[in-house]
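The structure under discussion appears below in the form of structure tokens.
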Amino acid sequence: MGNVFDLSGKTAIVTGAGRGIGRVIAMGLAESGADVVLCSRTQAQVDAVADEIRKKGGKALPVVTDLTVHEQLENLVDATVGEFGRIDILVNNAARSFLRGLLDLREDGWDKCFNTNVKAVWLLSRLVARRMIEQKEGKIINITTVGAEKAEAGMAAYGCSKAALKHLTRCMAREWAPLGINVNAVAPGFTRTDFSKPIWSSPDVEKLICQVIPKGRIAEPEDVVGAVLFLASSAADYITGDTIYVDGGTMTS
Ligand SMILES: NC(=O)c1ccc[n+]([C@@H]2O[C@H](COP(=O)([O-])OP(=O)(O)OC[C@H]3O[C@@H](n4cnc5c(N)ncnc54)[C@H](OP(=O)(O)O)[C@@H]3O)[C@@H](O)[C@H]2O)c1
């Protein structure tokens with residue numbers, strides 16, 4: 001069978017790769033042999049991750065991209081194909097959130113969540129899928145969240161957008177399976193990044209959160225990577241439309 005997890009010769013795009021979970025996913029893909037294209041809006045962050053990958057002997061291309069601007073999505077795809085000639089793996093990881101109750105949430109906050117977390121994923125995946133169809137294979141992995149299933153106070157715009165992303169994952173999987181493209185989701189639970197810092201930065205709040213996680217701790221970004229590498233690999237060739245929860249058992253209750 002060979003090493004079914006080997007990604008040598010593959011090219012991957014990771015959105016939101018400048019920090020947090022996306023950074024660690026990009027590093028993991030590179031360590032598995034893939035050439036990695038790193039996108040976010042912050043040049044210094046994607047440059048730093050690209051340098052880290054190159055120092056370890058991998059190939060990386062940072063492409064500054066605002067995912068909510070369509071022309072920049074086209075540039076990201078063109079730059080990837082220009083540098084590496086193909087796209088085998090797309091990890092839609094970047095996301096926006098606002099911690100605000102429904103009575104106070106601004107309309108543009110709702111729009112920013114949906115534009116980044118749903119619309120940009122559809123538009124970028126469609127651009128990438130057109131390349132993957134020519135290759136007759138490809139893997140798309142969307143990062144959702146347990147918040148797509150559980151209603152958390154103050155997280156409605158984010159949770160609703162991620163619930164839509166979960167369904168978009170199934171729709172893309174259904175339409176594109178006959179074309180050779182697998183589309184799945186990885187849904188982390190609470191993970192220690194800047195994104196969730198306003199919540200875990202208080203030790204008392206962290207203690208309360210850990211009480212409802214069966215594994216008894218918040219995830220580290222490294223906890224999420226294995227599921228992404230599995231779905232990106234040939235070990236997952238017959239899996240599509242699914243979600244893997246990386247949540248320390250949170251979804252059991
Ligand atoms: N942390 C958690 O507790 C947790 C739990 C469940 C699921 N998740 C999911 O995991 C994923 C990663 O989260 P994280 O915690 O690693 O977040 P993070 O540390 O805030 O990183 C988010 C990344 O997305 C990028 N980004 C945001 N808007 C963008 C845009 N319009 N265009 C391009 N890039 C953009 C950010 O870069 P710039 O701002 O520089 O553009 C950054 O690199 C998200 O999908 C999130 O929903 C996180």
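So you can find residues: chains in the structure tokens are A, B, ... in the order shown, residues in each start at 1, and ligands are numbered from 1 in order.
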Excluding Thr250 (chain A) and any residue of its chain fewer than 4 positions from it, enumerate the residues within 12 Å of it, using only C-alpha atoms, and give them as a short mmCIF file (atom, residue, chain, number, x, y, z; two decimals) with N, CA and C atoms, in the first residue's frame.
```
data_model
loop_
_atom_site.label_atom_id
_atom_site.label_comp_id
_atom_site.auth_asym_id
_atom_site.auth_seq_id
_atom_site.Cartn_x
_atom_site.Cartn_y
_atom_site.Cartn_z
N THR A 145 -16.74 24.12 13.22
CA THR A 145 -16.60 24.25 14.69
C THR A 145 -17.76 23.52 15.36
N VAL A 146 -17.58 23.12 16.60
CA VAL A 146 -18.72 22.56 17.34
C VAL A 146 -19.82 23.62 17.49
N GLY A 147 -19.42 24.90 17.37
CA GLY A 147 -20.40 26.00 17.44
C GLY A 147 -21.38 26.01 16.28
N GLU A 149 -23.15 23.48 15.78
CA GLU A 149 -24.21 22.60 16.28
C GLU A 149 -24.81 23.13 17.58
N LYS A 150 -23.95 23.79 18.39
CA LYS A 150 -24.38 24.19 19.73
C LYS A 150 -24.56 25.71 19.77
N ALA A 187 -14.06 19.87 12.52
CA ALA A 187 -14.73 20.79 13.46
C ALA A 187 -14.02 20.76 14.81
N PRO A 188 -13.15 21.74 15.05
CA PRO A 188 -12.50 21.79 16.37
C PRO A 188 -13.49 22.25 17.44
N GLY A 189 -13.20 21.84 18.67
CA GLY A 189 -13.83 22.47 19.83
C GLY A 189 -12.96 23.66 20.22
N PHE A 190 -13.13 24.08 21.45
CA PHE A 190 -12.38 25.23 21.95
C PHE A 190 -10.87 25.02 21.78
N ILE A 209 -14.67 26.24 31.39
CA ILE A 209 -14.78 25.62 30.06
C ILE A 209 -14.29 24.17 30.12
N CYS A 210 -13.18 23.95 30.82
CA CYS A 210 -12.59 22.60 30.87
C CYS A 210 -13.52 21.62 31.58
N GLN A 211 -14.38 22.13 32.47
CA GLN A 211 -15.30 21.24 33.18
C GLN A 211 -16.32 20.59 32.24
N VAL A 212 -16.61 21.24 31.11
CA VAL A 212 -17.61 20.66 30.19
C VAL A 212 -16.95 19.96 28.99
N ILE A 213 -15.62 19.88 29.00
CA ILE A 213 -14.93 19.13 27.94
C ILE A 213 -14.52 17.79 28.54
N PRO A 214 -15.08 16.66 28.04
CA PRO A 214 -14.76 15.37 28.64
C PRO A 214 -13.26 15.11 28.76
N LYS A 215 -12.43 15.55 27.82
CA LYS A 215 -10.98 15.34 27.92
C LYS A 215 -10.35 16.28 28.95
N GLY A 216 -11.10 17.26 29.43
CA GLY A 216 -10.65 18.07 30.57
C GLY A 216 -9.67 19.18 30.24
N ARG A 217 -9.49 19.46 28.96
CA ARG A 217 -8.58 20.56 28.60
C ARG A 217 -9.03 21.17 27.27
N ILE A 218 -8.59 22.43 27.06
CA ILE A 218 -8.79 23.11 25.78
C ILE A 218 -7.81 22.50 24.78
N ALA A 219 -8.21 22.44 23.50
CA ALA A 219 -7.29 21.91 22.47
C ALA A 219 -6.17 22.90 22.20
N TYR A 245 -14.97 15.64 14.19
CA TYR A 245 -14.93 16.54 15.35
C TYR A 245 -13.62 16.33 16.11
N VAL A 246 -12.93 17.42 16.37
CA VAL A 246 -11.69 17.36 17.17
C VAL A 246 -11.96 18.22 18.40
#
```
*Give the strand (DSSP E) residues of region 57-160 of chain A, as assigned by DSSP on the backbone, as a VMD selection string.*
chain A and resid 60 to 64 89 to 92 138 to 143
Within 12 Å of region 38-50 of chain A: each region 77-122 of chain A residue with its shortest pair, only C-alpha atoms, as a Markdown table:
```
| residue | atom | partner | partner_atom | distance |
| --- | --- | --- | --- | --- |
| A:Val77 | CA | A:Cys39 | CA | 10.7 |
| A:Ala79 | CA | A:Leu38 | CA | 11.0 |
| A:Thr80 | CA | A:Leu38 | CA | 9.7 |
| A:Leu90 | CA | A:Leu38 | CA | 10.6 |
| A:Val91 | CA | A:Leu38 | CA | 10.2 |
| A:Asn92 | CA | A:Cys39 | CA | 10.2 |
| A:Asn93 | CA | A:Cys39 | CA | 10.0 |
| A:Ala94 | CA | A:Ser40 | CA | 7.7 |
| A:Ala95 | CA | A:Ser40 | CA | 10.4 |
| A:Thr116 | CA | A:Ser40 | CA | 11.7 |
```
I need the residues from that last selection saved to file as a short mmCIF file (atom, residue, chain, number, x, y, z; two decimals), in the first residue's frame (with C-alpha atoms), if you can.
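So again_29.cif came out as:
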```
data_model
loop_
_atom_site.label_atom_id
_atom_site.label_comp_id
_atom_site.auth_asym_id
_atom_site.auth_seq_id
_atom_site.Cartn_x
_atom_site.Cartn_y
_atom_site.Cartn_z
CA VAL A 77 -5.28 30.56 -7.57
CA ALA A 79 -0.18 32.50 -8.22
CA THR A 80 -0.44 28.89 -6.95
CA LEU A 90 -7.48 23.37 -0.33
CA VAL A 91 -7.92 24.00 3.39
CA ASN A 92 -10.55 26.70 3.98
CA ASN A 93 -9.46 27.67 7.49
CA ALA A 94 -9.72 31.49 7.71
CA ALA A 95 -12.72 32.85 9.59
CA THR A 116 -15.63 35.37 5.07
#
```
*With only C-alpha atoms as the basis for distance, which of A:Gly57, A:Gly2, A:Gly226, A:Gly22 is at the shortest distance from Asp194 (chain A)?*
A:Gly22
*Could you name the residues that touch Glu31 (chain A) at 9 Å or less, counting only C-alpha atoms, but leaving out those on the same chain fewer than 5 positions away, as an NGL selection string?*
:A and (7 or 26 or 53 or 56-58)
List every residue of region 111-192 of chain A that DSSP, applied to the backbone of this structure, assigns to helix (DSSP H, G or I), and report them as a PDB file with C-alpha atoms, in the first residue's frame.
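The file below, selection.pdb, is the result:
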```
ATOM      1  CA  ASP A 111     -22.252  40.236   6.839  1.00  0.00           C
ATOM      2  CA  LYS A 112     -18.521  40.009   7.619  1.00  0.00           C
ATOM      3  CA  CYS A 113     -19.020  36.568   9.203  1.00  0.00           C
ATOM      4  CA  PHE A 114     -21.031  35.246   6.265  1.00  0.00           C
ATOM      5  CA  ASN A 115     -18.823  36.874   3.603  1.00  0.00           C
ATOM      6  CA  THR A 116     -15.633  35.367   5.069  1.00  0.00           C
ATOM      7  CA  ASN A 117     -16.890  32.073   6.500  1.00  0.00           C
ATOM      8  CA  VAL A 118     -19.339  31.033   3.764  1.00  0.00           C
ATOM      9  CA  LYS A 119     -19.325  33.136   0.577  1.00  0.00           C
ATOM     10  CA  ALA A 120     -15.520  33.281   0.236  1.00  0.00           C
ATOM     11  CA  VAL A 121     -15.296  29.517   0.823  1.00  0.00           C
ATOM     12  CA  TRP A 122     -17.799  28.864  -1.968  1.00  0.00           C
ATOM     13  CA  LEU A 123     -16.073  31.249  -4.402  1.00  0.00           C
ATOM     14  CA  LEU A 124     -12.506  30.064  -3.682  1.00  0.00           C
ATOM     15  CA  SER A 125     -13.517  26.386  -3.682  1.00  0.00           C
ATOM     16  CA  ARG A 126     -15.235  26.877  -7.053  1.00  0.00           C
ATOM     17  CA  LEU A 127     -12.134  28.470  -8.573  1.00  0.00           C
ATOM     18  CA  VAL A 128      -9.955  25.677  -7.179  1.00  0.00           C
ATOM     19  CA  ALA A 129     -12.435  22.942  -8.163  1.00  0.00           C
ATOM     20  CA  ARG A 130     -12.200  24.027 -11.814  1.00  0.00           C
ATOM     21  CA  ARG A 131      -8.453  23.191 -11.653  1.00  0.00           C
ATOM     22  CA  MET A 132      -9.046  19.966  -9.725  1.00  0.00           C
ATOM     23  CA  ILE A 133     -11.607  18.798 -12.304  1.00  0.00           C
ATOM     24  CA  GLU A 134      -8.896  18.986 -14.989  1.00  0.00           C
ATOM     25  CA  GLN A 135      -6.689  16.780 -12.752  1.00  0.00           C
ATOM     26  CA  VAL A 146     -18.723  22.562  17.338  1.00  0.00           C
ATOM     27  CA  GLY A 147     -20.396  26.002  17.443  1.00  0.00           C
ATOM     28  CA  ALA A 148     -22.119  25.022  14.183  1.00  0.00           C
ATOM     29  CA  ALA A 156     -24.931  33.650  16.684  1.00  0.00           C
ATOM     30  CA  ALA A 157     -23.456  35.225  13.536  1.00  0.00           C
ATOM     31  CA  TYR A 158     -20.385  32.996  13.744  1.00  0.00           C
ATOM     32  CA  GLY A 159     -22.332  29.831  14.634  1.00  0.00           C
ATOM     33  CA  CYS A 160     -24.947  30.366  11.907  1.00  0.00           C
ATOM     34  CA  SER A 161     -22.208  30.986   9.318  1.00  0.00           C
ATOM     35  CA  LYS A 162     -20.391  27.791  10.361  1.00  0.00           C
ATOM     36  CA  ALA A 163     -23.657  25.803  10.250  1.00  0.00           C
ATOM     37  CA  ALA A 164     -24.049  27.098   6.674  1.00  0.00           C
ATOM     38  CA  LEU A 165     -20.448  26.056   5.959  1.00  0.00           C
ATOM     39  CA  LYS A 166     -21.180  22.561   7.241  1.00  0.00           C
ATOM     40  CA  HIS A 167     -24.078  22.310   4.786  1.00  0.00           C
ATOM     41  CA  LEU A 168     -22.009  23.866   1.988  1.00  0.00           C
ATOM     42  CA  THR A 169     -19.461  21.089   2.664  1.00  0.00           C
ATOM     43  CA  ARG A 170     -22.144  18.460   2.026  1.00  0.00           C
ATOM     44  CA  CYS A 171     -23.459  20.280  -1.085  1.00  0.00           C
ATOM     45  CA  MET A 172     -19.983  20.563  -2.625  1.00  0.00           C
ATOM     46  CA  ALA A 173     -19.273  16.914  -1.731  1.00  0.00           C
ATOM     47  CA  ARG A 174     -22.472  15.755  -3.428  1.00  0.00           C
ATOM     48  CA  GLU A 175     -22.010  17.790  -6.618  1.00  0.00           C
ATOM     49  CA  TRP A 176     -18.271  17.246  -7.021  1.00  0.00           C
ATOM     50  CA  ALA A 177     -17.826  13.579  -5.984  1.00  0.00           C
ATOM     51  CA  PRO A 178     -18.394  12.368  -9.584  1.00  0.00           C
ATOM     52  CA  LEU A 179     -15.680  14.838 -10.692  1.00  0.00           C
TER      53      LEU A 179
END
```
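Counting from atom 29 (C, counted along the ligand's line) of ligand 1, the distance to CA of Asn182 (chain A) is 23.8 Å.
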*For Thr11 (chain A), which of A:Leu102, A:Met251, A:Ala30, A:Ile141 is the closest residue, counting only C-alpha atoms?*
A:Ala30
*asked:* I want to know what sits within 10 Å of Glu83 (chain A), based on only C-alpha atoms, with residues of the same chain fewer than 4 positions away left out; could you give that as a list in words?
replied: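 Residues meeting the cut-off are Thr11, Asp35, Val37, Ala60, Leu61, Asp78 and Ala79 of chain A.
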*Rounded to one decimal place, report the CA of Gly109 (chain A)-CA of Gly154 (chain A) distance in Å.*
12.0 Å
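Nearest to Ala185 (chain A) of all the residues A:Val224, A:Ala232, A:Ile21, A:Ile244 is A:Ile244, counting only C-alpha atoms.
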